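A short worksheet on the structure shown next.
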Amino acid sequence: MLKVSARKRVGDFTLDASWSSDHPIVALVGPSGSGKTLTLQCIAGLIAPDAGHIVSAGRVLFDAEAQINLRPQRRCVGYVFQGYALFPHMTVLQNVAFARPRTPRFGATTSATPPDRTVEIIERLGLTSLSARYPTDLSGGQQQRVALARALATDPDVLLLDEPLSALDAPLRRELCGELSQTLHDWGKIAVLVTHDLSEAYQIADTVVLYEHGQTTGAVAKNDLLWNPSSERVAKLIGARNILRAPIAEPPMDSIVLNWRGGRLEAARSPSHQLHATVGEMLAFFVRPEYVRLIRKNRPVTDGLRQTNLFRGEIVGERDEGTTWALFFRLDAPGTPSQGHYDLEIEIPKLVYERLNIPHDRHWEVSIHPGSIQVLPG
Amino acid sequence: MDWFPVWLSLRVALLATLLTVIAGVPIAWFIGRRSFPGRDLVSAALLTPLVLPPTVLGYYLLMVIGARGPIGHTLNQWGIEFAFTWRAAVLAAAVGSFPLLIKTAQSGFESIDRRLEQAAQTLGHSDWSIFWNVSIPLAWRSILAGTVLAFCKALGDFGITLMVAGDIPGRTQTLPLAIYDHVQANQLDHANALSLLSVAIVVLLMLAFGRIARLRY
């Protein structure tokens, strides 16, 4: 269990982080400058918060009111720094052996890591053949594993990882993502991962804390975050597109019927969120661009679901995203479009884009699957 | 020719450098690595020996270590003479060369990636252990450069030494003072030999430093 509540002013930036997690891996996700690294520094004791308290594995590491502020050496917190911070004057073996594991007495440290333990950790992370090398002779991925080995050698209660994969190029990052997740889950204690990449967080972590301008959401299970965001703000933070608003048209039953741009829009009800809304009340929701379907002309619609949420309109803009195309779709319905000059962003595979001859055929009918509409609570 | 000034100068410069390194490296680390109120002021104050006229510096030193100065008086009571002895020459050379070591070593400490020292902290190491195992090994090149500079400066000090140690042949006459006296006495061949010797020592030291600095760690 890790409980963090920390306020810290640095210049005109204020961190106000508050979350707790007892899942093995929690990811702190947010844009750079949102206070993620500062939070790690507070947990490790490298920076003292102005107020708050930090509790790890039942030990109070910091408590402003009780004036407790353990030194970094006594916190039993492992830290994998951004860029790894390996000692350039030591070999891989010396780097790992430099860690001082704690003795049974909490926080106290012995003189050095026993040689057999060092060797065991180096073996576990597959570094045996590199143990005589210096950090500058290692690849990014190898450096990352040495940093991990060194941090684990102290036998910490909590492991902090600051952008552990950002120094690597894309193919290697994808490969090491799974490896890192495996290593951390095998280790089994709490790890805190800082990343600006939500998909990386999703692959490695169990729960996610979102950061924005120093503010945080609580820790959310990763599936809930993507498939059941708790608010419009969270939806924005995870990069949801087509965040829209519409009034409720009929009393909510099995599904929610909205009146959007003069049309009837039916959304499936989320089982986990309570909804106490009355007719006429505005609801926020979002539509995943990849779930909006273009209806083929001259081919009768047989699928019943395809007949719900039908909208007619025109493609007013597009963007080539490599393997997919983003289309900006404006409804024919009168009134101002809901997102500037368009109503819906639609994502289709490049193959479909070519087959449907989108460059020359701009008028379409689309259907929105009720299950792809995510209603956002209050 | 009298070789005494050469041996005296080497001995004085060596002792002065030793003094400077022992006192200066921790101070340089403290200024380079810690923030405390008045840090810039202290940092500037430590550089004054470099910019003050040597005679002014020597004058103030003499006020402190002279027979009537606070330190000189106390030492005198214990039967130790300080002013106008080789000890005063060591002090003079150390004071003059101190800023060079501080400045060079300080920039060496400042250029260490802060995260390396923080990493050592999270790995359970005390400040003392970090100083010896991380800071010193990573700043050694700068420390050595500062040491060499300090030694060369100590070897060549004239003004401060003259003020506090005098120019007593066979007692406090160092290499630069001897050269000056030889010129005054129109013994140019002696002045020439000692000057060439000075150049040789400094050049050799610099060459040696260049070689060592190419080593990795």
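Here, A, B, ... name the chains of the structure tokens in the order displayed, residue numbers run from 1 inside each chain, and ligands are numbered from 1 in the same displayed order.
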Practice item. Within region 186-217 of chain A, find each residue whose DSSP state, derived from the backbone, is strand (DSSP E or B), and express the selection as a PyMOL selection string. Key: chain A and resi 190-195+207-212+215-216
Hey, could you make a per-residue contact list for chain A against chain B with 10 Å as the cut-off, showing the nearest pair of atoms and its distance in Å to one decimal, counting only C-alpha atoms, sorted by chain and number, as JSON lines?
```
{"residue": "A:Gln41", "atom": "CA", "partner": "B:Gln118", "partner_atom": "CA", "distance": 9.6}
{"residue": "A:Ala44", "atom": "CA", "partner": "B:Thr122", "partner_atom": "CA", "distance": 7.0}
{"residue": "A:Gly45", "atom": "CA", "partner": "B:Thr122", "partner_atom": "CA", "distance": 8.5}
{"residue": "A:Leu46", "atom": "CA", "partner": "B:Gln118", "partner_atom": "CA", "distance": 7.0}
{"residue": "A:Arg71", "atom": "CA", "partner": "B:Gln121", "partner_atom": "CA", "distance": 8.5}
{"residue": "A:Pro72", "atom": "CA", "partner": "B:Thr122", "partner_atom": "CA", "distance": 5.3}
{"residue": "A:Gln73", "atom": "CA", "partner": "B:Gly124", "partner_atom": "CA", "distance": 4.1}
{"residue": "A:Arg74", "atom": "CA", "partner": "B:Gly124", "partner_atom": "CA", "distance": 6.9}
{"residue": "A:Arg75", "atom": "CA", "partner": "B:Thr122", "partner_atom": "CA", "distance": 7.9}
{"residue": "A:Cys76", "atom": "CA", "partner": "B:Thr122", "partner_atom": "CA", "distance": 7.8}
{"residue": "A:Val77", "atom": "CA", "partner": "B:Thr122", "partner_atom": "CA", "distance": 6.7}
{"residue": "A:Gly78", "atom": "CA", "partner": "B:Thr122", "partner_atom": "CA", "distance": 6.3}
{"residue": "A:Tyr79", "atom": "CA", "partner": "B:Thr122", "partner_atom": "CA", "distance": 6.6}
{"residue": "A:Val80", "atom": "CA", "partner": "B:Ala119", "partner_atom": "CA", "distance": 8.1}
{"residue": "A:Phe81", "atom": "CA", "partner": "B:Arg115", "partner_atom": "CA", "distance": 7.3}
{"residue": "A:Gln82", "atom": "CA", "partner": "B:Arg115", "partner_atom": "CA", "distance": 9.0}
{"residue": "A:Gly83", "atom": "CA", "partner": "B:Arg115", "partner_atom": "CA", "distance": 9.4}
{"residue": "A:Tyr84", "atom": "CA", "partner": "B:Arg115", "partner_atom": "CA", "distance": 8.8}
{"residue": "A:Ala85", "atom": "CA", "partner": "B:Leu116", "partner_atom": "CA", "distance": 5.4}
{"residue": "A:Leu86", "atom": "CA", "partner": "B:Leu116", "partner_atom": "CA", "distance": 7.0}
{"residue": "A:Phe87", "atom": "CA", "partner": "B:Leu116", "partner_atom": "CA", "distance": 6.5}
{"residue": "A:Pro88", "atom": "CA", "partner": "B:Leu138", "partner_atom": "CA", "distance": 8.2}
{"residue": "A:His89", "atom": "CA", "partner": "B:Tyr217", "partner_atom": "CA", "distance": 5.8}
{"residue": "A:Met90", "atom": "CA", "partner": "B:Tyr217", "partner_atom": "CA", "distance": 8.8}
{"residue": "A:Asn95", "atom": "CA", "partner": "B:Ala120", "partner_atom": "CA", "distance": 9.9}
{"residue": "A:Val96", "atom": "CA", "partner": "B:Leu123", "partner_atom": "CA", "distance": 9.6}
{"residue": "A:Ala97", "atom": "CA", "partner": "B:Leu123", "partner_atom": "CA", "distance": 10.0}
{"residue": "A:Phe98", "atom": "CA", "partner": "B:Leu123", "partner_atom": "CA", "distance": 7.4}
{"residue": "A:Ala99", "atom": "CA", "partner": "B:Leu123", "partner_atom": "CA", "distance": 4.8}
{"residue": "A:Arg100", "atom": "CA", "partner": "B:Gly124", "partner_atom": "CA", "distance": 5.4}
{"residue": "A:Pro101", "atom": "CA", "partner": "B:Gly124", "partner_atom": "CA", "distance": 7.5}
{"residue": "A:Arg102", "atom": "CA", "partner": "B:Gly124", "partner_atom": "CA", "distance": 8.1}
{"residue": "A:Gly107", "atom": "CA", "partner": "B:Gly124", "partner_atom": "CA", "distance": 8.8}
{"residue": "A:Ala108", "atom": "CA", "partner": "B:Gly124", "partner_atom": "CA", "distance": 8.5}
{"residue": "A:Thr109", "atom": "CA", "partner": "B:Gly124", "partner_atom": "CA", "distance": 6.5}
{"residue": "A:Thr110", "atom": "CA", "partner": "B:Gly124", "partner_atom": "CA", "distance": 8.8}
{"residue": "A:Ser111", "atom": "CA", "partner": "B:His125", "partner_atom": "CA", "distance": 9.0}
{"residue": "A:Ala112", "atom": "CA", "partner": "B:Gly124", "partner_atom": "CA", "distance": 9.4}
{"residue": "A:Ala147", "atom": "CA", "partner": "B:Ala119", "partner_atom": "CA", "distance": 9.8}
{"residue": "A:Arg150", "atom": "CA", "partner": "B:Leu123", "partner_atom": "CA", "distance": 8.1}
{"residue": "A:Ala151", "atom": "CA", "partner": "B:Leu123", "partner_atom": "CA", "distance": 7.1}
{"residue": "A:Leu152", "atom": "CA", "partner": "B:Leu123", "partner_atom": "CA", "distance": 9.6}
{"residue": "A:Ala153", "atom": "CA", "partner": "B:Leu123", "partner_atom": "CA", "distance": 8.6}
{"residue": "A:Thr154", "atom": "CA", "partner": "B:Leu123", "partner_atom": "CA", "distance": 6.4}
{"residue": "A:Asp155", "atom": "CA", "partner": "B:Leu123", "partner_atom": "CA", "distance": 9.9}
{"residue": "A:Pro156", "atom": "CA", "partner": "B:Leu123", "partner_atom": "CA", "distance": 9.4}
```
Keeping C-alpha atoms for every residue in the selection just given, could you write it to a file as a short mmCIF file (atom, residue, chain, number, x, y, z; two decimals), in the first residue's frame?
```cif
data_model
loop_
_atom_site.label_atom_id
_atom_site.label_comp_id
_atom_site.auth_asym_id
_atom_site.auth_seq_id
_atom_site.Cartn_x
_atom_site.Cartn_y
_atom_site.Cartn_z
CA GLN A 41 11.17 13.02 -5.72
CA ALA A 44 12.03 9.21 -2.49
CA GLY A 45 12.78 12.04 -0.07
CA LEU A 46 14.91 14.03 -2.49
CA ARG A 71 16.15 10.75 4.76
CA PRO A 72 16.25 9.09 1.30
CA GLN A 73 18.70 6.52 2.70
CA ARG A 74 16.15 5.27 5.23
CA ARG A 75 13.02 5.19 3.07
CA CYS A 76 13.49 1.79 1.39
CA VAL A 77 12.49 3.36 -1.90
CA GLY A 78 14.23 2.30 -5.10
CA TYR A 79 14.55 4.88 -7.85
CA VAL A 80 15.19 4.33 -11.54
CA PHE A 81 16.02 7.82 -12.77
CA GLN A 82 15.14 9.24 -16.15
CA GLY A 83 18.24 8.63 -18.25
CA TYR A 84 19.14 5.94 -15.66
CA ALA A 85 21.88 7.89 -13.77
CA LEU A 86 24.32 4.98 -13.82
CA PHE A 87 27.70 5.74 -12.26
CA PRO A 88 29.97 6.22 -15.27
CA HIS A 89 33.10 5.35 -13.28
CA MET A 90 31.83 1.95 -12.20
CA ASN A 95 26.99 -0.22 -10.06
CA VAL A 96 24.75 -2.98 -8.77
CA ALA A 97 27.04 -3.82 -5.84
CA PHE A 98 27.03 -0.15 -4.82
CA ALA A 99 23.45 -0.54 -3.59
CA ARG A 100 23.24 -1.08 0.14
CA PRO A 101 20.41 -3.43 1.02
CA ARG A 102 18.61 -2.83 4.29
CA GLY A 107 15.70 1.36 7.02
CA ALA A 108 19.12 0.66 8.42
CA THR A 109 21.69 -0.35 5.87
CA THR A 110 24.65 -2.66 5.90
CA SER A 111 27.94 -1.85 4.28
CA ALA A 112 27.47 -3.34 0.83
CA ALA A 147 19.37 0.75 -13.47
CA ARG A 150 20.71 -1.53 -9.07
CA ALA A 151 17.42 -0.21 -7.66
CA LEU A 152 16.14 -3.72 -6.88
CA ALA A 153 19.40 -4.65 -5.15
CA THR A 154 18.45 -2.48 -2.15
CA ASP A 155 15.39 -4.69 -1.66
CA PRO A 156 13.06 -1.67 -1.53
#
```
Check your understanding: Using the chain letters and numbers from this document, which residues of region 251-368 of chain A does DSSP assign to alpha helix (DSSP H), as a list in words?
Key -> Lys350, Leu351, Val352, Tyr353, Glu354 and Arg355 of chain A
Selection from above, N, CA and C atoms, as an mmCIF file, in the first residue's frame, can you write it?
```
data_model
loop_
_atom_site.group_PDB
_atom_site.id
_atom_site.type_symbol
_atom_site.label_atom_id
_atom_site.label_comp_id
_atom_site.auth_asym_id
_atom_site.auth_seq_id
_atom_site.Cartn_x
_atom_site.Cartn_y
_atom_site.Cartn_z
ATOM 1 N N LYS A 350 -6.800 2.946 -43.997
ATOM 2 C CA LYS A 350 -6.416 3.491 -45.300
ATOM 3 C C LYS A 350 -7.057 2.701 -46.446
ATOM 4 N N LEU A 351 -7.099 1.362 -46.249
ATOM 5 C CA LEU A 351 -7.662 0.485 -47.283
ATOM 6 C C LEU A 351 -9.113 0.864 -47.584
ATOM 7 N N VAL A 352 -9.876 1.078 -46.510
ATOM 8 C CA VAL A 352 -11.280 1.451 -46.663
ATOM 9 C C VAL A 352 -11.373 2.816 -47.343
ATOM 10 N N TYR A 353 -10.504 3.718 -46.941
ATOM 11 C CA TYR A 353 -10.490 5.062 -47.521
ATOM 12 C C TYR A 353 -10.337 4.982 -49.035
ATOM 13 N N GLU A 354 -9.448 4.092 -49.466
ATOM 14 C CA GLU A 354 -9.212 3.978 -50.909
ATOM 15 C C GLU A 354 -10.374 3.267 -51.605
ATOM 16 N N ARG A 355 -10.862 2.195 -50.972
ATOM 17 C CA ARG A 355 -11.919 1.417 -51.613
ATOM 18 C C ARG A 355 -13.209 2.227 -51.763
#
```
Mind checking which residues fall within 10 Å of region 47-55 of chain B, counting only C-alpha atoms, ignoring those fewer than 3 positions away in the same chain, and posting them as a CSV table (one decimal) with N, CA and C atoms, in the first residue's frame?
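This is the output file around.csv:
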```csv
chain,number,residue,atom,x,y,z
B,42,VAL,N,30.2,34.1,-0.2
B,42,VAL,CA,31.4,33.3,0.2
B,42,VAL,C,32.2,32.9,-1.0
B,43,SER,N,31.5,32.5,-2.1
B,43,SER,CA,32.2,32.1,-3.3
B,43,SER,C,33.1,33.3,-3.8
B,44,ALA,N,32.5,34.5,-3.7
B,44,ALA,CA,33.3,35.7,-4.2
B,44,ALA,C,34.4,36.0,-3.3
B,58,GLY,N,49.5,40.5,1.6
B,58,GLY,CA,50.7,40.2,2.5
B,58,GLY,C,50.6,41.1,3.7
B,59,TYR,N,50.2,42.3,3.5
B,59,TYR,CA,50.1,43.3,4.6
B,59,TYR,C,49.1,42.8,5.6
B,60,TYR,N,47.9,42.4,5.2
B,60,TYR,CA,46.9,41.9,6.1
B,60,TYR,C,47.3,40.6,6.8
B,61,LEU,N,48.0,39.8,6.0
B,61,LEU,CA,48.5,38.5,6.6
B,61,LEU,C,49.4,38.8,7.8
B,92,ALA,N,51.9,32.0,2.9
B,92,ALA,CA,51.7,33.0,1.8
B,92,ALA,C,51.4,32.3,0.5
B,95,VAL,N,47.8,30.8,0.5
B,95,VAL,CA,46.7,31.9,0.4
B,95,VAL,C,46.6,32.3,-1.1
B,96,GLY,N,47.8,32.5,-1.7
B,96,GLY,CA,47.8,32.9,-3.1
B,96,GLY,C,47.2,31.9,-4.1
B,97,SER,N,47.4,30.6,-3.8
B,97,SER,CA,47.0,29.6,-4.8
B,97,SER,C,45.6,29.0,-4.5
B,98,PHE,N,45.1,29.3,-3.2
B,98,PHE,CA,43.9,28.7,-2.8
B,98,PHE,C,42.7,29.0,-3.8
B,99,PRO,N,42.5,30.2,-4.3
B,99,PRO,CA,41.4,30.5,-5.2
B,99,PRO,C,41.4,29.6,-6.5
B,100,LEU,N,42.6,29.4,-7.0
B,100,LEU,CA,42.7,28.6,-8.2
B,100,LEU,C,42.2,27.2,-8.0
B,102,ILE,N,40.1,26.2,-5.6
B,102,ILE,CA,38.7,26.3,-5.2
B,102,ILE,C,37.8,26.4,-6.5
B,103,LYS,N,38.2,27.3,-7.4
B,103,LYS,CA,37.4,27.6,-8.5
B,103,LYS,C,37.4,26.4,-9.5
B,157,ASP,N,55.0,32.4,-6.2
B,157,ASP,CA,54.6,33.6,-5.5
B,157,ASP,C,55.7,34.5,-5.1
B,158,PHE,N,55.5,35.7,-5.3
B,158,PHE,CA,56.5,36.7,-5.0
B,158,PHE,C,56.1,37.7,-3.9
B,159,GLY,N,55.0,38.5,-4.2
B,159,GLY,CA,54.6,39.6,-3.4
B,159,GLY,C,54.2,39.2,-2.0
B,160,ILE,N,53.3,38.2,-1.8
B,160,ILE,CA,52.8,37.9,-0.5
B,160,ILE,C,54.0,37.3,0.3
B,161,THR,N,54.8,36.5,-0.3
B,161,THR,CA,55.9,35.9,0.4
B,161,THR,C,56.9,36.9,0.9
B,162,LEU,N,57.2,37.9,0.0
B,162,LEU,CA,58.1,39.0,0.4
B,162,LEU,C,57.6,39.7,1.6
B,163,MET,N,56.3,40.0,1.7
B,163,MET,CA,55.7,40.7,2.8
B,163,MET,C,55.8,40.0,4.1
B,164,VAL,N,55.4,38.7,4.1
B,164,VAL,CA,55.3,38.0,5.3
B,164,VAL,C,56.5,37.1,5.7
```
Exercise for review: Within 9 Å of Gly72 (chain B), counting only C-alpha atoms, which residues show up once you throw out same-chain ones fewer than 3 positions away? Write them as a PyMOL selection string, please.
Suggested key: chain B and resi 62-69+75-77+80-83
Review point. Got a sec: who's within 7 Å of Leu210 (chain A), counting only C-alpha atoms, leaving out chain neighbours fewer than 2 positions off, as a list in words?
Key: Leu28, Val29, Gly30, Val208, Glu212, Thr216 and Thr217 of chain A
Point to revise | Atom pair CA of Leu225 (chain A) / CA of Ile238 (chain A): separation (Å) | key: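 Separation of CA of Leu225 (chain A) and CA of Ile238 (chain A): 7.9 Å.
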Review point. At what distance in Å, to one decimal, does CA of Arg141 (chain B) lie from CA of Lys153 (chain B)?
Key: 18.2 Å
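Residues with any atom within 9 Å of Gly313 (chain A), counting only C-alpha atoms and excluding same-chain neighbours fewer than 3 positions away, are A:Phe329, A:Arg330, A:Leu331, A:Asp332, A:Ala333, A:Arg362, A:His363, A:Trp364, A:Glu365, A:Val366.
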Review point. Skipping near chain neighbours, those fewer than 2 positions away, what residues fall within 6 Å of region 28-37 of chain B using only C-alpha atoms, listed as JSON, numbers by chain?
Key: {"B": [24, 25, 26, 39, 102, 105, 106, 109, 110]}
Could you turn the residues from that selection into a file that holds N, CA and C atoms, as a PDB file, in the first residue's frame?
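Here's the written file out_9.pdb:
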```pdb
ATOM      1  N   GLY B  24      40.771  23.020   0.673  1.00  0.00           N
ATOM      2  CA  GLY B  24      40.009  23.565  -0.449  1.00  0.00           C
ATOM      3  C   GLY B  24      38.997  22.624  -1.060  1.00  0.00           C
ATOM      4  N   VAL B  25      39.334  21.321  -1.165  1.00  0.00           N
ATOM      5  CA  VAL B  25      38.422  20.392  -1.844  1.00  0.00           C
ATOM      6  C   VAL B  25      37.080  20.288  -1.110  1.00  0.00           C
ATOM      7  N   PRO B  26      37.096  20.091   0.213  1.00  0.00           N
ATOM      8  CA  PRO B  26      35.788  20.066   0.895  1.00  0.00           C
ATOM      9  C   PRO B  26      35.028  21.384   0.753  1.00  0.00           C
ATOM     10  N   ARG B  39      25.793  32.117  -0.149  1.00  0.00           N
ATOM     11  CA  ARG B  39      26.678  31.239  -0.896  1.00  0.00           C
ATOM     12  C   ARG B  39      27.500  32.025  -1.920  1.00  0.00           C
ATOM     13  N   ILE B 102      40.083  26.183  -5.567  1.00  0.00           N
ATOM     14  CA  ILE B 102      38.652  26.261  -5.244  1.00  0.00           C
ATOM     15  C   ILE B 102      37.836  26.367  -6.523  1.00  0.00           C
ATOM     16  N   ALA B 105      38.081  23.152  -8.801  1.00  0.00           N
ATOM     17  CA  ALA B 105      37.421  21.988  -8.214  1.00  0.00           C
ATOM     18  C   ALA B 105      35.913  22.221  -8.126  1.00  0.00           C
ATOM     19  N   GLN B 106      35.547  23.447  -7.775  1.00  0.00           N
ATOM     20  CA  GLN B 106      34.114  23.768  -7.636  1.00  0.00           C
ATOM     21  C   GLN B 106      33.379  23.518  -8.948  1.00  0.00           C
ATOM     22  N   PHE B 109      32.854  19.840  -9.412  1.00  0.00           N
ATOM     23  CA  PHE B 109      31.738  19.297  -8.624  1.00  0.00           C
ATOM     24  C   PHE B 109      30.404  19.717  -9.221  1.00  0.00           C
ATOM     25  N   GLU B 110      30.347  20.988  -9.676  1.00  0.00           N
ATOM     26  CA  GLU B 110      29.078  21.495 -10.206  1.00  0.00           C
ATOM     27  C   GLU B 110      28.671  20.776 -11.490  1.00  0.00           C
TER      28      GLU B 110
END
```
Review point. Could you state the separation of CA of Gly35 (chain A) and CA of Ser20 (chain A) in Å, given to one decimal place?
Key: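 Spanning CA of Gly35 (chain A) to CA of Ser20 (chain A) is a straight-line distance of 16.0 Å.
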Practice item. Point out the residue among B:Met1, B:Ile71, B:Leu14, B:Leu144 with the least atom-to-atom distance to His182 (chain B), counting only C-alpha atoms. Key: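 Smallest distance to His182 (chain B) is found for B:Met1.
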